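Colleague: File my_file.csv follows (CSV, C-alpha atoms and all ligand atoms):
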chain,number,residue,atom,x,y,z
T,1,MET,CA,75.6,104.3,103.6
T,2,THR,CA,77.3,102.5,100.7
T,3,LEU,CA,81.0,101.4,100.5
T,4,THR,CA,81.5,104.2,97.9
T,5,ASP,CA,80.1,106.8,100.3
T,6,LEU,CA,82.8,105.5,102.8
T,7,GLY,CA,85.4,105.8,100.1
T,8,VAL,CA,86.0,102.1,100.2
T,9,PRO,CA,86.5,100.2,96.9
T,10,ALA,CA,83.4,98.0,96.4
T,11,LEU,CA,85.6,95.1,95.2
T,12,ARG,CA,87.1,92.9,97.9
T,13,ILE,CA,90.3,91.0,97.5
T,14,SER,CA,89.4,87.3,97.8
T,15,ARG,CA,92.5,85.3,98.9
T,16,PRO,CA,94.1,84.5,102.3
T,17,ALA,CA,95.9,87.2,104.3
T,18,PRO,CA,99.4,87.9,102.9
T,19,THR,CA,102.3,86.6,104.9
T,20,ALA,CA,104.7,89.5,104.1
T,21,GLY,CA,104.5,93.2,103.2
T,22,PRO,CA,102.4,95.8,104.9
T,23,LEU,CA,99.3,95.3,107.2
T,24,ILE,CA,96.6,95.2,104.5
T,25,ASP,CA,92.9,94.4,104.6
T,26,THR,CA,90.7,92.9,101.9
T,27,PHE,CA,89.7,96.4,100.8
T,28,GLY,CA,93.3,97.3,100.1
T,29,ARG,CA,93.7,99.7,103.1
T,30,ILE,CA,97.1,99.6,104.7
T,31,ALA,CA,97.5,100.1,108.5
T,32,THR,CA,100.6,102.1,109.4
T,33,ASP,CA,99.2,103.9,112.5
T,34,LEU,CA,99.2,101.8,115.8
T,35,ARG,CA,97.0,103.1,118.7
T,36,VAL,CA,98.2,101.5,121.9
T,37,SER,CA,96.0,101.7,125.0
T,38,LEU,CA,98.3,101.6,128.1
T,39,THR,CA,95.5,101.4,130.7
T,40,ASP,CA,91.7,101.5,131.0
T,41,ARG,CA,92.0,103.6,134.2
T,42,CYS,CA,91.4,107.3,134.3
T,43,ASN,CA,91.3,110.2,136.8
T,44,LEU,CA,88.4,112.0,134.9
T,45,ARG,CA,84.9,110.8,134.3
T,46,CYS,CA,83.9,112.4,131.0
T,47,THR,CA,80.2,111.9,130.5
T,48,TYR,CA,80.6,110.7,126.9
T,49,CYS,CA,83.2,108.1,127.9
T,50,MET,CA,82.8,106.8,131.5
T,51,PRO,CA,80.1,106.6,134.2
T,52,ALA,CA,80.5,108.7,137.3
T,53,GLU,CA,81.4,105.6,139.4
T,54,GLY,CA,84.1,104.5,137.0
T,55,LEU,CA,84.3,101.0,135.6
T,56,ASP,CA,85.5,97.6,136.7
T,57,TRP,CA,89.2,98.1,135.9
T,58,LEU,CA,91.1,95.3,134.2
T,59,PRO,CA,93.1,93.4,136.8
T,60,GLY,CA,96.9,94.1,136.7
T,61,SER,CA,97.6,90.4,135.7
T,62,GLN,CA,95.7,90.9,132.5
T,63,LEU,CA,97.6,94.0,131.4
T,64,LEU,CA,100.6,93.7,129.1
T,65,SER,CA,103.8,94.1,131.0
T,66,ALA,CA,106.3,96.6,129.6
T,67,ALA,CA,108.4,93.7,128.2
T,68,GLU,CA,105.4,92.2,126.5
T,69,LEU,CA,104.3,95.5,125.0
T,70,SER,CA,107.8,96.3,123.8
T,71,ARG,CA,107.9,92.9,122.0
T,72,LEU,CA,104.6,93.7,120.2
T,73,LEU,CA,105.9,97.1,119.3
T,74,ARG,CA,109.0,95.6,117.8
T,75,ILE,CA,106.9,93.1,115.8
T,76,GLY,CA,104.6,95.9,114.6
T,77,ILE,CA,107.4,98.2,113.5
T,78,THR,CA,110.0,95.9,112.2
T,79,ARG,CA,107.7,93.3,110.5
T,80,LEU,CA,104.4,94.9,109.8
T,81,GLY,CA,105.3,98.4,108.6
T,82,ILE,CA,103.9,100.4,111.5
T,83,THR,CA,105.4,104.0,111.2
T,84,ASN,CA,103.3,105.8,113.8
T,85,VAL,CA,102.5,104.9,117.4
T,86,ARG,CA,100.1,106.8,119.5
T,87,PHE,CA,99.8,106.0,123.3
T,88,THR,CA,96.4,106.5,124.8
T,89,GLY,CA,94.0,104.9,127.2
T,90,GLY,CA,92.2,105.3,129.6
T,91,GLU,CA,94.6,108.0,130.7
T,92,PRO,CA,98.2,107.1,129.6
T,93,LEU,CA,99.7,109.4,132.2
T,94,VAL,CA,98.4,107.1,135.0
T,95,SER,CA,100.4,104.2,133.5
T,96,ARG,CA,103.5,103.6,135.5
T,97,ASN,CA,105.5,102.3,132.5
T,98,LEU,CA,104.9,105.2,130.2
T,99,GLU,CA,108.4,106.7,129.9
T,100,GLU,CA,110.0,103.2,129.7
T,101,ILE,CA,107.6,102.1,126.9
T,102,ILE,CA,108.1,105.4,125.0
T,103,ALA,CA,111.9,104.9,125.2
T,104,ALA,CA,111.5,101.3,124.0
T,105,ALA,CA,109.5,102.5,121.0
T,106,ALA,CA,112.0,105.3,120.2
T,107,ALA,CA,114.9,102.8,120.2
T,108,LEU,CA,113.3,100.7,117.4
T,109,ARG,CA,114.5,101.1,113.8
T,110,PRO,CA,113.0,102.5,111.6
T,111,ARG,CA,112.1,104.9,114.4
T,112,PRO,CA,108.4,105.4,114.5
T,113,GLN,CA,106.8,108.8,115.1
T,114,ILE,CA,105.5,108.7,118.7
T,115,ALA,CA,102.5,110.6,119.9
T,116,MET,CA,100.2,110.5,122.9
T,117,THR,CA,96.6,111.4,123.5
T,118,THR,CA,96.1,112.6,127.1
T,119,ASN,CA,93.7,114.5,129.4
T,120,GLY,CA,96.8,116.6,130.4
T,121,ILE,CA,96.6,116.1,134.2
T,122,GLY,CA,100.1,115.8,135.4
T,123,LEU,CA,101.6,116.5,132.0
T,124,ALA,CA,103.1,119.8,133.2
T,125,ALA,CA,105.6,118.0,135.5
T,126,ARG,CA,106.3,115.2,133.0
T,127,ALA,CA,106.4,116.8,129.6
T,128,ALA,CA,110.2,117.4,129.5
T,129,GLY,CA,110.9,113.9,130.6
T,130,LEU,CA,108.5,112.4,128.1
T,131,LYS,CA,110.1,114.4,125.3
T,132,GLN,CA,113.5,113.2,126.5
T,133,ALA,CA,112.2,109.6,126.4
T,134,GLY,CA,111.3,110.0,122.8
T,135,LEU,CA,107.7,111.4,122.7
T,136,ASP,CA,107.3,113.6,119.6
T,137,ARG,CA,103.8,115.1,119.9
T,138,VAL,CA,100.7,115.3,122.1
T,139,ASN,CA,97.0,115.8,121.7
T,140,VAL,CA,95.4,117.1,124.9
T,141,SER,CA,91.7,116.7,125.4
T,142,LEU,CA,89.9,119.8,126.4
T,143,ASP,CA,86.3,120.5,125.6
T,144,THR,CA,85.8,123.9,127.2
T,145,VAL,CA,87.7,126.7,128.9
T,146,ASP,CA,84.8,127.4,131.2
T,147,ALA,CA,85.6,125.9,134.6
T,148,THR,CA,82.0,125.2,135.5
T,149,HIS,CA,81.3,123.4,132.2
T,150,PHE,CA,84.6,121.5,132.5
T,151,ALA,CA,83.6,120.2,135.9
T,152,GLN,CA,80.2,119.2,134.6
T,153,ILE,CA,81.6,117.4,131.6
T,154,THR,CA,84.5,115.6,133.3
T,155,ARG,CA,82.9,115.4,136.8
T,156,ARG,CA,86.2,116.7,138.2
T,157,ASP,CA,87.4,120.3,139.0
T,158,ARG,CA,90.7,120.0,137.1
T,159,LEU,CA,90.7,122.6,134.4
T,160,ASP,CA,93.7,124.4,135.7
T,161,ASP,CA,95.8,121.2,135.7
T,162,VAL,CA,94.9,120.6,132.0
T,163,LEU,CA,95.8,124.2,131.1
T,164,ALA,CA,99.1,123.8,132.9
T,165,GLY,CA,99.6,120.5,131.0
T,166,LEU,CA,99.1,122.2,127.7
T,167,ALA,CA,101.6,124.9,128.6
T,168,GLY,CA,104.1,122.3,129.8
T,169,ALA,CA,103.8,120.4,126.5
T,170,ALA,CA,104.4,123.5,124.5
T,171,ALA,CA,107.4,124.5,126.7
T,172,ALA,CA,108.9,121.0,126.3
T,173,GLY,CA,108.7,121.3,122.5
T,174,LEU,CA,106.0,118.5,122.0
T,175,ALA,CA,104.9,120.4,118.9
T,176,PRO,CA,102.5,120.9,117.3
T,177,VAL,CA,100.3,120.8,120.5
T,178,LYS,CA,96.8,119.7,119.4
T,179,VAL,CA,93.7,120.0,121.5
T,180,ASN,CA,90.9,117.4,121.1
T,181,ALA,CA,87.4,118.6,121.9
T,182,VAL,CA,84.2,116.5,122.0
T,183,LEU,CA,81.4,118.9,122.4
T,184,ASP,CA,78.8,118.5,125.1
T,185,PRO,CA,75.3,118.7,123.6
T,186,ARG,CA,74.1,121.1,126.4
T,187,THR,CA,77.0,123.7,126.3
T,188,GLY,CA,79.2,122.7,123.4
T,189,LEU,CA,78.1,125.3,120.8
T,190,ASP,CA,78.6,128.0,123.4
T,191,ASP,CA,82.0,126.6,124.5
T,192,VAL,CA,83.5,126.2,121.0
T,193,VAL,CA,84.0,129.8,120.2
T,194,PRO,CA,86.0,130.7,123.4
T,195,LEU,CA,87.9,127.4,123.0
T,196,LEU,CA,89.0,128.3,119.5
T,197,ARG,CA,90.0,131.8,120.6
T,198,PHE,CA,92.1,130.2,123.4
T,199,CYS,CA,93.8,127.8,121.0
T,200,LEU,CA,94.6,130.5,118.5
T,201,GLU,CA,96.0,132.7,121.2
T,202,HIS,CA,98.3,129.9,122.5
T,203,GLU,CA,99.1,128.4,119.0
T,204,TYR,CA,97.4,125.1,119.9
T,205,GLN,CA,95.7,123.3,117.0
T,206,LEU,CA,92.1,122.6,117.8
T,207,ARG,CA,90.4,119.5,116.6
T,208,ILE,CA,86.6,119.1,117.2
T,209,ILE,CA,85.5,115.5,117.2
T,210,GLU,CA,81.9,114.3,116.8
T,211,GLN,CA,80.7,112.3,119.7
T,212,MET,CA,80.5,108.6,118.9
T,213,PRO,CA,78.5,105.7,120.4
T,214,LEU,CA,81.3,104.5,122.6
T,215,ASP,CA,80.2,105.7,126.0
T,216,ALA,CA,80.1,103.1,128.8
T,217,GLY,CA,76.4,104.0,129.5
T,218,HIS,CA,75.3,103.4,125.9
T,219,GLU,CA,73.4,106.7,126.1
T,220,TRP,CA,74.7,108.3,122.9
T,221,SER,CA,71.9,109.5,120.7
T,222,ARG,CA,72.2,110.8,117.1
T,223,ASP,CA,69.6,113.5,117.9
T,224,ARG,CA,71.5,114.9,120.9
T,225,ALA,CA,75.0,114.8,119.5
T,226,ILE,CA,76.4,117.9,117.9
T,227,GLY,CA,77.3,117.4,114.2
T,228,ALA,CA,80.1,118.9,112.2
T,229,ASP,CA,77.6,121.2,110.3
T,230,ALA,CA,76.3,122.8,113.5
T,231,VAL,CA,79.9,123.4,114.7
T,232,LEU,CA,80.9,125.0,111.4
T,233,ASP,CA,77.8,127.2,111.4
T,234,THR,CA,78.5,128.5,114.9
T,235,LEU,CA,82.2,129.1,114.2
T,236,ARG,CA,81.5,130.9,110.9
T,237,ARG,CA,79.5,133.6,112.8
T,238,TYR,CA,82.8,134.6,114.5
T,239,PHE,CA,85.6,133.5,112.2
T,240,ASP,CA,86.3,133.5,108.5
T,241,LEU,CA,86.8,129.8,107.7
T,242,ARG,CA,88.3,128.6,104.4
T,243,PRO,CA,89.1,125.0,103.5
T,244,ASP,CA,92.8,124.3,104.0
T,245,PRO,CA,94.3,123.6,100.5
T,246,ALA,CA,96.8,121.0,101.8
T,247,PRO,CA,95.9,117.4,100.8
T,248,ARG,CA,94.1,115.6,103.6
T,249,GLY,CA,95.6,112.1,103.0
T,250,SER,CA,94.4,109.7,105.7
T,251,ALA,CA,94.0,112.4,108.4
T,252,PRO,CA,90.6,112.2,110.0
T,253,ALA,CA,90.3,116.0,110.4
T,254,ALA,CA,89.0,118.3,107.7
T,255,LEU,CA,91.1,121.4,108.2
T,256,TRP,CA,89.8,125.0,107.9
T,257,ARG,CA,92.1,128.0,107.8
T,258,VAL,CA,91.0,130.7,110.3
T,259,ASP,CA,90.7,134.4,109.5
T,260,GLY,CA,93.1,134.3,106.5
T,261,SER,CA,96.0,133.1,108.8
T,262,ALA,CA,98.0,129.9,108.7
T,263,ALA,CA,96.2,128.8,111.9
T,264,THR,CA,93.7,125.9,111.3
T,265,VAL,CA,90.8,124.3,113.1
T,266,GLY,CA,90.0,120.7,112.3
T,267,ILE,CA,86.6,119.0,112.3
T,268,ILE,CA,86.5,115.2,112.7
T,269,ALA,CA,83.1,114.2,111.4
T,270,SER,CA,83.4,110.5,112.3
T,271,VAL,CA,79.7,110.0,112.3
T,272,SER,CA,78.2,112.4,109.8
T,273,GLU,CA,81.0,112.0,107.2
T,274,ALA,CA,82.8,108.8,107.9
T,275,PHE,CA,86.3,108.5,106.6
T,276,CYS,CA,86.7,104.7,106.9
T,277,GLY,CA,87.9,104.4,103.3
T,278,ALA,CA,91.1,106.2,104.3
T,279,CYS,CA,91.6,104.4,107.6
T,280,ASP,CA,95.2,103.4,108.4
T,281,ARG,CA,94.7,102.3,112.0
T,282,THR,CA,95.3,99.2,114.0
T,283,ARG,CA,94.6,99.1,117.7
T,284,LEU,CA,96.1,97.3,120.7
T,285,THR,CA,94.2,97.3,124.0
T,286,ALA,CA,95.9,97.4,127.4
T,287,ASP,CA,95.1,93.7,127.8
T,288,GLY,CA,96.8,92.7,124.5
T,289,GLN,CA,93.9,92.4,122.1
T,290,ILE,CA,94.2,93.6,118.5
T,291,ARG,CA,91.1,95.5,117.3
T,292,ASN,CA,91.0,96.3,113.6
T,293,CYS,CA,88.5,99.1,114.2
T,294,LEU,CA,87.2,101.2,117.1
T,295,PHE,CA,83.8,99.6,116.4
T,296,SER,CA,84.8,96.0,115.8
T,297,THR,CA,83.0,93.4,117.9
T,298,ALA,CA,85.8,90.8,117.4
T,299,GLU,CA,89.3,90.9,118.9
T,300,THR,CA,92.5,88.9,118.4
T,301,ASP,CA,94.2,87.8,121.6
T,302,LEU,CA,98.0,88.5,121.3
T,303,ARG,CA,98.5,88.4,125.0
T,304,GLY,CA,97.4,84.7,125.0
T,305,LEU,CA,99.8,84.0,122.2
T,306,LEU,CA,102.7,85.9,124.0
T,307,ARG,CA,102.0,84.1,127.3
T,308,GLY,CA,101.5,80.7,125.5
T,309,GLY,CA,105.1,80.9,124.2
T,310,ALA,CA,104.3,81.8,120.6
T,311,GLY,CA,107.2,82.9,118.4
T,312,ASP,CA,107.3,86.2,116.5
T,313,ASP,CA,106.1,84.5,113.2
T,314,GLU,CA,102.9,83.3,114.9
T,315,ILE,CA,102.2,86.6,116.5
T,316,GLU,CA,102.8,88.4,113.2
T,317,THR,CA,100.4,86.0,111.4
T,318,ALA,CA,97.7,86.5,114.0
T,319,TRP,CA,98.0,90.3,113.7
T,320,ARG,CA,97.9,90.1,109.9
T,321,GLN,CA,94.8,88.0,109.9
T,322,ALA,CA,93.1,90.3,112.4
T,323,MET,CA,93.6,93.3,110.0
T,324,TRP,CA,92.7,91.3,106.9
T,325,ALA,CA,89.3,90.8,108.4
T,326,LYS,CA,88.6,94.6,108.9
T,327,ALA,CA,85.1,95.6,107.9
T,328,ALA,CA,84.4,98.2,105.2
T,329,GLY,CA,83.2,100.8,107.7
T,330,HIS,CA,82.1,101.4,111.3
T,331,GLY,CA,78.4,101.0,110.4
T,332,ILE,CA,77.2,103.6,112.9
T,333,ASN,CA,74.7,104.7,110.4
T,334,ASP,CA,73.4,101.2,109.5
T,335,PRO,CA,70.1,100.1,111.1
T,336,SER,CA,71.9,96.9,112.2
T,337,PHE,CA,74.6,98.8,114.1
T,338,VAL,CA,75.6,97.3,117.5
T,339,GLN,CA,77.7,99.4,119.9
T,340,PRO,CA,80.9,97.4,120.9
T,341,SER,CA,80.8,96.2,124.5
T,342,ARG,CA,84.1,97.9,125.4
T,343,PRO,CA,83.7,101.6,126.0
T,344,MET,CA,86.2,104.1,124.5
T,345,SER,CA,88.3,104.2,127.7
T,346,ALA,CA,88.9,100.4,127.4
T,347,ILE,CA,89.6,100.5,123.7
T,348,GLY,CA,91.9,103.5,123.4
T,349,GLY,CA,90.7,106.5,121.4
T,401,LIG,N1,92.3,110.0,128.5
T,401,LIG,C1,92.9,110.5,127.3
T,401,LIG,C2,92.1,111.7,126.8
T,401,LIG,O1,91.0,111.9,127.2
T,401,LIG,O2,92.7,112.3,125.9
T,401,LIG,C3,93.0,109.4,126.3
T,401,LIG,C4,91.9,108.5,126.1
T,401,LIG,S1,90.4,109.2,125.4
T,401,LIG,C5,89.4,107.8,125.3
T,401,LIG,C6,90.9,109.6,123.8
T,401,LIG,C7,90.1,110.5,123.1
T,401,LIG,O3,88.8,109.9,122.9
T,401,LIG,C8,89.8,111.8,123.8
T,401,LIG,O4,90.2,112.9,122.9
T,401,LIG,C9,88.4,111.8,124.1
T,401,LIG,O5,87.8,113.1,124.1
T,401,LIG,C10,87.8,111.0,123.0
T,401,LIG,N2,86.5,110.3,123.3
T,401,LIG,C11,86.2,109.7,124.4
T,401,LIG,N3,84.9,109.2,124.3
T,401,LIG,C12,84.5,109.6,123.1
T,401,LIG,C13,83.2,109.4,122.4
T,401,LIG,N4,82.2,108.8,122.9
T,401,LIG,N5,83.2,110.0,121.1
T,401,LIG,C14,84.2,110.6,120.6
T,401,LIG,N6,85.4,110.8,121.2
T,401,LIG,C15,85.5,110.3,122.4
T,402,LIG,FE1,89.3,109.7,130.9
T,402,LIG,FE2,89.9,110.4,128.4
T,402,LIG,FE3,87.6,109.0,128.9
T,402,LIG,FE4,87.8,111.5,129.7
T,402,LIG,S1,87.9,110.7,127.6
T,402,LIG,S2,87.1,109.8,131.0
T,402,LIG,S3,89.9,111.7,130.2
T,402,LIG,S4,89.7,108.2,129.2
Show me this structure written as structure tokens.
Ligand code: SAM
Ligand code: SF4
Modeller:
Amino acid sequence: MTLTDLGVPALRISRPAPTAGPLIDTFGRIATDLRVSLTDRCNLRCTYCMPAEGLDWLPGSQLLSAAELSRLLRIGITRLGITNVRFTGGEPLVSRNLEEIIAAAAALRPRPQIAMTTNGIGLAARAAGLKQAGLDRVNVSLDTVDATHFAQITRRDRLDDVLAGLAGAAAAGLAPVKVNAVLDPRTGLDDVVPLLRFCLEHEYQLRIIEQMPLDAGHEWSRDRAIGADAVLDTLRRYFDLRPDPAPRGSAPAALWRVDGSAATVGIIASVSEAFCGACDRTRLTADGQIRNCLFSTAETDLRGLLRGGAGDDEIETAWRQAMWAKAAGHGINDPSFVQPSRPMSAIGG
């Protein structure tokens, strides 16, 4: 795949990282969307993410405290032009500091848009409080509405909790409620039609994500993964799908209008049709490492700087340099591709 295929300008800027202005990389992309992983722990064991036995969790002493994270959020928002923050994990709802951290982000000016990606377990009871703390929107991960398939994929029998979480999010006004689905190669094409019907009925916006090589077991295989084309072919047998005319911007999902209505389904073709040229993300792991890409093999240690007494200027510079070094694309389709050692749950999806 060439840089042009990825939508990345072939000419690189050759000078040192800027010391002011937005978080730019050498290809001219500007990061305004910060993904913050709050924990690497989770109460599910999705096959495409975690092994059945879980992982060696990060020790508590390595995790950023609420105060440390709040400081980094302030630097990102007030100095680096971050406008959107999404909390993720691991499972962000298992993080004890969640409401406190959301409130700290919401108190910053300019106030960022605040979203969360969650598996939805426990969300029913906390949605109203999270909204009150300042959460604007949620994406709830749900790959199937079939209870047996759900238990096979997540290795836990918790479908009803997730459905209750979705309903709680909608009732609390965390709108639009989006559903993230990563399709299982064995059942996914059967699951996707009832899943879309369910989402249309409840006015949730379904986003179907191609499975990426970020599983802890390194078992992803291109031949087994379900591609965007197969999903579209399946859905088209049951629904009339037309491309959404609204400009896509930096959104990863290509949107399709369903059955002539305003309802949409999104397809995120991260592997088969990479959108790296429009990437506006910067990532912070639960242990305080900046990653300039899901697939980067290098990290910048902001926790070390924080704990070593660095001032805001020094932290800002390190963050800028990390983003300046961002590669043109994720490289999944290159013969030399190497899967990052951190799995999705420890990066923050
Ligand atoms: N636990 C939360 C959840 O599941 O929504 C947040 C963390 S999870 C890592 C974030 C998103 O990454 C979820 O939507 C999940 O389906 C997706 N994900 C996990 N592993 C993936 C993989 N190998 N390829 C693509 N998406 C993946
Ligand atoms: Fe947990 Fe989310 Fe990974 Fe599933 S995808 S195991 S819910 S972190």
Colleague: Taking all atoms listed in the file into account, which residues have an atom no farther than 9 Å from ligand LIG 401 (chain T)? I'd like them as an MDAnalysis selection string.
Modeller: chainID T and resid 37 40:44 46:50 87:93 116:120 139:143 179:183 209:216 220 270 343:349
Colleague: For Pro18 of chain T, which of T:Ala66, T:Ala115, T:Ala251, T:Leu80 is the closest residue, counting all atoms listed in the file?
Modeller: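 For Pro18 of chain T, the nearest of the given residues is T:Leu80.
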Colleague: Closest to Leu63 of chain T among T:Asp280, T:Asp287, T:Asp313, T:Asp136, using only C-alpha atoms?
Modeller: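 Nearest candidate to Leu63 of chain T out of T:Asp280, T:Asp287, T:Asp313, T:Asp136: T:Asp287.
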Colleague: Tell me which protein, DNA and RNA residues are within 10 Å of Thr78 of chain T, counting only C-alpha atoms, leaving out same-chain ones fewer than 6 positions away, and put them as a PyMOL selection string.
Modeller: chain T and resi 72+108-112
Colleague: Could you give me, as a PDB file with C-alpha atoms, in the coordinates of the input, the residues within 10 Å of Cys279 of chain T, counting only C-alpha atoms and dropping anything in the same chain fewer than 2 positions from it?
Modeller:
ATOM      1  CA  GLY T   7      85.400 105.800 100.100  1.00  0.00           C
ATOM      2  CA  VAL T   8      86.000 102.100 100.200  1.00  0.00           C
ATOM      3  CA  ARG T  29      93.700  99.700 103.100  1.00  0.00           C
ATOM      4  CA  ILE T  30      97.100  99.600 104.700  1.00  0.00           C
ATOM      5  CA  ALA T  31      97.500 100.100 108.500  1.00  0.00           C
ATOM      6  CA  THR T  32     100.600 102.100 109.400  1.00  0.00           C
ATOM      7  CA  ASP T  33      99.200 103.900 112.500  1.00  0.00           C
ATOM      8  CA  GLY T 249      95.600 112.100 103.000  1.00  0.00           C
ATOM      9  CA  SER T 250      94.400 109.700 105.700  1.00  0.00           C
ATOM     10  CA  ALA T 251      94.000 112.400 108.400  1.00  0.00           C
ATOM     11  CA  PRO T 252      90.600 112.200 110.000  1.00  0.00           C
ATOM     12  CA  ALA T 274      82.800 108.800 107.900  1.00  0.00           C
ATOM     13  CA  PHE T 275      86.300 108.500 106.600  1.00  0.00           C
ATOM     14  CA  CYS T 276      86.700 104.700 106.900  1.00  0.00           C
ATOM     15  CA  GLY T 277      87.900 104.400 103.300  1.00  0.00           C
ATOM     16  CA  ARG T 281      94.700 102.300 112.000  1.00  0.00           C
ATOM     17  CA  THR T 282      95.300  99.200 114.000  1.00  0.00           C
ATOM     18  CA  CYS T 293      88.500  99.100 114.200  1.00  0.00           C
ATOM     19  CA  ALA T 328      84.400  98.200 105.200  1.00  0.00           C
ATOM     20  CA  GLY T 329      83.200 100.800 107.700  1.00  0.00           C
TER      21      GLY T 329
END
